[in-house]
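*Asks:* Got a structure here, written out as structure tokens. Questions coming.
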Amino acid sequence: MTRDLGSLFDQLFDPDHIVVVGASADPAKWGNAVALQALRGSDRHTISLVNRRGGEVLGRQVATSVDQLDRPVDLAVIAVPERGFEEAVDGVLAQGARAIVAITAGLGESGAEGQARQDALIRRVRDAGAVLVGPNCLGLVDNHTATYLSSNTFRPGGVALLSQSGNLAIEVDRLFGDRGLGISRFVSLGNQADVGLVELIEACAADEHTEAIAVYVEDVRDGRGFVQAAAAAVEAGTPVVVLAAGASTAGARGAHSHTGSLTSDAAVVAAACRAAGVTQVRTPRALADVLMSLRQRAQPRGRRVAVLTDGGGHGVIACDVLEAVGLEVAALEPATQSALSEALWSRSSVTNPVDLAGAGEMDPQSYARAFAALQQADDVDAILLTGYFGGYSGGEDGLIGLGPAECAAAKQLGVDAAGRKPVAVQSMFPESPACRILAEGGVPVFAAVEDAAAALAAAAVDPRSASMLAMPAPAPPITAVDYTSARAALAAAGVPFVAAREIHSAAELHEAAQELRPPYVLKALGLLHKSDAGGVVVGLPDRAALYLAYAQLSVGLAPPAFSVEEVADLGGGVELIVGARWDARFGPTVLVGLGGTATEVLGDVQVALGPVDPLEAERMLRRLRAAALFDEHRGRPALAVSSAARAVAAVSWFAAAHSEVAELEINPLLVTPSGAVGLDARIVPR
């Protein structure tokens with residue numbers, strides 16, 4: 001049966017008739033907690049309780065079976081022991097249920113047998129035209145439709161919380177409450193046996209009561225679907241913030257190449273978030289902080305931050321912390337400095353950081369005047385106010401006489417901040433009256449400057465630059481993956497290589513020496529890492545040296561074949577690694593970084609979801625820590641970065657068209673002022 005997910009989600013989040021199967025009078029059981037919460041919504045929904053023992057639960061008469069109910073079931077919550085779970089699901093489907101929330105555990109997460117049972121059950125759910133959340137989940141809540149189908153309550157608000165962990169969702173709810181945030185919808189993902197993260201992002205983005213989406217996930221099963229759904233939500237004006245845990249521990253994987261060992265799960269998840277235009281965070285606290293900051297709805301224009309303070313130490317530390325998270329604290333333009341000078345007294349510093357130098361004590365309104373000048377400045381993209389603000393009206397050292405003036409300044413600052421540039425305030429007195437005024441006006445206030453800086457860095461992400469290109473049509477599968485075939489396949493895809501010839505005998509060696517120009521490179525083929533095994537000899541000046549190296553490697557390594565190649569001009573060039581790997585969740589991923597034999601030691605790499613175009617490939621190159629090597633310096637001309645970008649893009653498109661290839665790499669790709677050329681290639685089949 002074809003399922004209309006839109007109408008099914010209406011049943012999921014706002015059903016007429018809710019049935020709790022497994023309702024219990026025992027407060028220690030899930031069936032009791034879920035029934036208690038469900039009954040909170042009885043003014044909007046009809047609530048029925050079912051337990052095979054019958055009797056009374058929470059003052060309500062209990063049916064012993066769903067077929068005793070006098071009306072069809074819209075949504076069923078299943079909180080029964082695992083041995084009775086499948087029977088319970090079949091029973092509610094027979095009574096017309098089109099949405100099921102499965103609290104019960106012990107299926108797909110318990111092993112192969114449980115997975116098989118779960119798969120068979122989901123087929124029956126889908127055949128019935130229904131949807132199922134879970135199993136093995138904490139439930140579901142919609143605070144605006146009074147659909148309370150979890151064991152816990154969640155503060156109402158505008159953030160949809162989709163979490164693979166129930167306990168972490170409870171912690172996030174507490175963190176939200178401390179920051180004036182609340183939850184529109186909560187869905188515990190559980191096993192995602194049927195309804196998954198992708199569909200729920202789409203449903204929450206379409207919800208009129210949801211202003212932002214928070215995601216905690218340990219396993220993004222449909223990686224590219226996640227990117228598409230999240231990108232659509234962001235583009236429609238609903239920010240998405242993701243806390244992905246467990247991504248730093250790569251699964252057991254045989255690293256057959258440098259690419260396999262360098263492209264970690266964490267790097268791929270980060271690339272997916274970047275492609276979707278979503279903000280990725282590392283901790284629950286950061287999740288709450290970033291969402292608090294994003295409430296400003298300020299459109300980021302760049303990464304230039306002005307620091308405003310009334311204490312030199314706070315200003316200097318803020319500059320260090322901001323630059324550490326990738327933001328810029330540049331000197332202000334003369335026009336901006338002039339406007340600040342008119343707003344402050346002569347002792348104030350107006351370069352950046354902007355230090356009131358005691359003016360705040362004399363006149364708290366100087367904060368508001370300086371802030372207004374920075375809001376008007378064309379050379380400022382965001383503002384960080386740090387230090388003592390709030391201390392004039394609160395704290396043990398509060399200057400009570402200045403409290404009213406500081407509170408008035410806070411009100412003005414909040415008005416000037418509304419919807420313009422991203423703003424963050426770090427105060428020694430975050431609970432002071434002035435800071436409460438700021439927070440109530442939508443200005444995020446932090447106790448720690450590092451939290452404020454991280455929130456500004458998140459707000460500086462411009463989702464309009466995000467993209468994920470469509471996959472190409474599959475190409476005819478690659479059947480030969482030896483070194484020479486790999487070079488030929490990648491060359492046909494658009495990657496230039498130095499001239500080379502594969503040889504199998506001394507006679508073929510003589511022919512190759514006549515065809516190619518010295519100096520030569522001789523490579524012993526059939527080895528996993530040729531250089532590490534001593535199978536690569538570079539810079540052979542003439543034929544005699546080539547013949548001698550051939551004789552020595554033939555005796556020492558006895559390879560099945562050799563490659564004779566011309567030597568690339570290494571002068572003034574930089575060696576890169578360009579690789580691709582097929583990820584089970586996200587499909588093709590492409591990697592670029594500093595190459596050569598020290599690739600894994602340096603670890604200077606960038607990863608993106610493939611395929612990428614040359615423009616995105618160049619962005620990847622420019623994000624490398626060593627990107628300054630590409631530019632003119634010490635009399636050496638700039639390198640042909642655009643040529644390298646075209647090679648990276650070509651590799652990504654090749655990988656995207658060949659799902660039968662597990663990994664591939666060009667290491668090194670030599671980039672010089674005149675172009676880019678591959679010096680080695682490897683393809684690893686699935």
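Order determines the names: the first chain of the structure tokens is A, the second B, and so forth; residues in each chain are numbered 1 upward, and ligands are numbered 1 upward as they are shown.
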Within 12 Å of range 26-36 of chain A, counting only C-alpha atoms, which residues show up once you throw out same-chain ones fewer than 5 positions away? Write them as a ChimeraX atom specification, please.

*Replies:* /A:18-21,41-42,47-51,56-60,62,76-81,101-105,136-141,147-153

*Asks:* Which residues are close to range 366-370 of chain A, i.e. within 6 Å by only C-alpha atoms, leaving aside same-chain residues fewer than 4 positions away? Reply as a PyMOL selection string.

*Replies:* chain A and resi 340+343+360+409+413

*Asks:* Restricting the output to all heavy atoms, write the selected residues as a JSON list (two decimals), in the first residue's frame.

*Replies:*
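Output below, filename result-v8.json:
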[["chain", "number", "residue", "atom", "x", "y", "z"],
["A", 340, "LEU", "N", 33.11, 55.74, 16.71],
["A", 340, "LEU", "CA", 33.28, 55.31, 18.09],
["A", 340, "LEU", "C", 33.86, 56.42, 18.94],
["A", 340, "LEU", "O", 33.46, 56.61, 20.11],
["A", 340, "LEU", "CB", 34.18, 54.07, 18.14],
["A", 340, "LEU", "CG", 33.54, 52.76, 17.64],
["A", 340, "LEU", "CD1", 34.61, 51.70, 17.40],
["A", 340, "LEU", "CD2", 32.51, 52.25, 18.66],
["A", 343, "ALA", "N", 31.34, 58.67, 20.16],
["A", 343, "ALA", "CA", 30.42, 58.09, 21.14],
["A", 343, "ALA", "C", 31.06, 57.92, 22.51],
["A", 343, "ALA", "O", 30.35, 57.77, 23.52],
["A", 343, "ALA", "CB", 29.90, 56.75, 20.64],
["A", 360, "GLY", "N", 32.40, 52.98, 31.01],
["A", 360, "GLY", "CA", 31.20, 52.30, 31.47],
["A", 360, "GLY", "C", 30.85, 52.66, 32.90],
["A", 360, "GLY", "O", 29.67, 52.78, 33.26],
["A", 409, "ALA", "N", 20.58, 51.00, 29.40],
["A", 409, "ALA", "CA", 21.52, 50.70, 28.32],
["A", 409, "ALA", "C", 21.25, 49.31, 27.74],
["A", 409, "ALA", "O", 21.33, 49.10, 26.53],
["A", 409, "ALA", "CB", 22.95, 50.80, 28.82],
["A", 413, "LEU", "N", 20.41, 48.42, 23.97],
["A", 413, "LEU", "CA", 21.28, 47.47, 23.26],
["A", 413, "LEU", "C", 20.43, 46.36, 22.64],
["A", 413, "LEU", "O", 20.66, 45.94, 21.50],
["A", 413, "LEU", "CB", 22.30, 46.91, 24.25],
["A", 413, "LEU", "CG", 23.51, 46.16, 23.69],
["A", 413, "LEU", "CD1", 24.70, 46.33, 24.63],
["A", 413, "LEU", "CD2", 23.20, 44.68, 23.53]]

*Asks:* Taking into account only C-alpha atoms, which residue in the set A:Gly414, A:Pro422, A:Pro353, A:Gly610 is nearest to Ile383 in chain A?

*Replies:* A:Pro422

*Asks:* For range 659-674 of chain A, find every residue with an atom within 9 Å (counting only C-alpha atoms), except residues of its own chain fewer than 4 positions away, and show them as a ChimeraX atom specification.

*Replies:* /A:256-260,474-475,477-478,486-487,490,497,568-583,587-588,591,594-597,599,630,636-641,643-644,647,651,655,678-686

*Asks:* Once you have the residues from the selection above, write them out as a PDB file, in the first residue's frame, restricted to C-alpha atoms.

*Replies:*
ATOM      1  CA  HIS A 256      44.052  -0.387   2.283  1.00  0.00           C
ATOM      2  CA  SER A 257      45.160   3.126   1.406  1.00  0.00           C
ATOM      3  CA  HIS A 258      46.022   6.456   2.992  1.00  0.00           C
ATOM      4  CA  THR A 259      42.541   7.641   2.052  1.00  0.00           C
ATOM      5  CA  GLY A 260      40.913   4.881   4.104  1.00  0.00           C
ATOM      6  CA  PRO A 474      26.501   4.813 -12.982  1.00  0.00           C
ATOM      7  CA  ALA A 475      29.366   4.164 -15.369  1.00  0.00           C
ATOM      8  CA  PRO A 477      32.065  -1.068 -13.803  1.00  0.00           C
ATOM      9  CA  ILE A 478      35.845  -1.024 -13.559  1.00  0.00           C
ATOM     10  CA  ALA A 486      44.068   2.745 -12.459  1.00  0.00           C
ATOM     11  CA  ARG A 487      46.198   5.446 -14.057  1.00  0.00           C
ATOM     12  CA  LEU A 490      41.691   8.264 -13.912  1.00  0.00           C
ATOM     13  CA  PHE A 497      49.602  11.998 -15.406  1.00  0.00           C
ATOM     14  CA  ALA A 568      58.057  15.459 -13.096  1.00  0.00           C
ATOM     15  CA  ASP A 569      59.694  18.787 -12.363  1.00  0.00           C
ATOM     16  CA  LEU A 570      59.356  19.033  -8.567  1.00  0.00           C
ATOM     17  CA  GLY A 571      60.906  22.492  -8.343  1.00  0.00           C
ATOM     18  CA  GLY A 572      58.579  24.959  -6.653  1.00  0.00           C
ATOM     19  CA  GLY A 573      55.746  22.441  -6.443  1.00  0.00           C
ATOM     20  CA  VAL A 574      53.618  21.027  -3.627  1.00  0.00           C
ATOM     21  CA  GLU A 575      52.599  17.377  -3.359  1.00  0.00           C
ATOM     22  CA  LEU A 576      48.945  16.660  -2.564  1.00  0.00           C
ATOM     23  CA  ILE A 577      46.938  13.537  -1.931  1.00  0.00           C
ATOM     24  CA  VAL A 578      43.589  13.293  -3.697  1.00  0.00           C
ATOM     25  CA  GLY A 579      41.402  10.383  -2.715  1.00  0.00           C
ATOM     26  CA  ALA A 580      37.859   9.096  -2.627  1.00  0.00           C
ATOM     27  CA  ARG A 581      36.057   6.500  -0.568  1.00  0.00           C
ATOM     28  CA  TRP A 582      32.577   5.025  -0.831  1.00  0.00           C
ATOM     29  CA  ASP A 583      30.824   5.465   2.507  1.00  0.00           C
ATOM     30  CA  GLY A 587      27.998   7.459  -0.689  1.00  0.00           C
ATOM     31  CA  PRO A 588      31.070   8.927  -2.412  1.00  0.00           C
ATOM     32  CA  LEU A 591      39.549  13.920   0.249  1.00  0.00           C
ATOM     33  CA  LEU A 594      49.150  17.427   1.776  1.00  0.00           C
ATOM     34  CA  GLY A 595      50.518  14.324   0.096  1.00  0.00           C
ATOM     35  CA  GLY A 596      53.670  12.306  -0.249  1.00  0.00           C
ATOM     36  CA  THR A 597      55.014   9.716   2.160  1.00  0.00           C
ATOM     37  CA  THR A 599      50.510  12.170   4.499  1.00  0.00           C
ATOM     38  CA  PHE A 630      49.765  27.779  -2.855  1.00  0.00           C
ATOM     39  CA  ARG A 636      58.240  31.714  -5.905  1.00  0.00           C
ATOM     40  CA  PRO A 637      55.209  32.177  -8.174  1.00  0.00           C
ATOM     41  CA  ALA A 638      51.742  31.104  -7.079  1.00  0.00           C
ATOM     42  CA  LEU A 639      50.738  27.524  -7.824  1.00  0.00           C
ATOM     43  CA  ALA A 640      48.011  26.518 -10.278  1.00  0.00           C
ATOM     44  CA  VAL A 641      45.364  25.847  -7.637  1.00  0.00           C
ATOM     45  CA  SER A 643      44.331  22.937 -12.045  1.00  0.00           C
ATOM     46  CA  ALA A 644      44.519  21.001  -8.781  1.00  0.00           C
ATOM     47  CA  ALA A 647      41.768  17.150 -10.722  1.00  0.00           C
ATOM     48  CA  VAL A 651      38.342  12.201  -8.997  1.00  0.00           C
ATOM     49  CA  ALA A 655      34.174   7.864  -7.636  1.00  0.00           C
ATOM     50  CA  GLY A 678      49.434  12.819 -11.012  1.00  0.00           C
ATOM     51  CA  LEU A 679      52.521  10.823 -10.077  1.00  0.00           C
ATOM     52  CA  ASP A 680      50.881   7.703  -8.657  1.00  0.00           C
ATOM     53  CA  ALA A 681      47.446   6.087  -8.565  1.00  0.00           C
ATOM     54  CA  ARG A 682      45.637   3.316  -6.733  1.00  0.00           C
ATOM     55  CA  ILE A 683      42.126   1.825  -6.955  1.00  0.00           C
ATOM     56  CA  VAL A 684      40.774  -0.569  -4.311  1.00  0.00           C
ATOM     57  CA  PRO A 685      37.654  -2.526  -5.349  1.00  0.00           C
ATOM     58  CA  ARG A 686      34.882  -3.441  -2.929  1.00  0.00           C
TER      59      ARG A 686
END
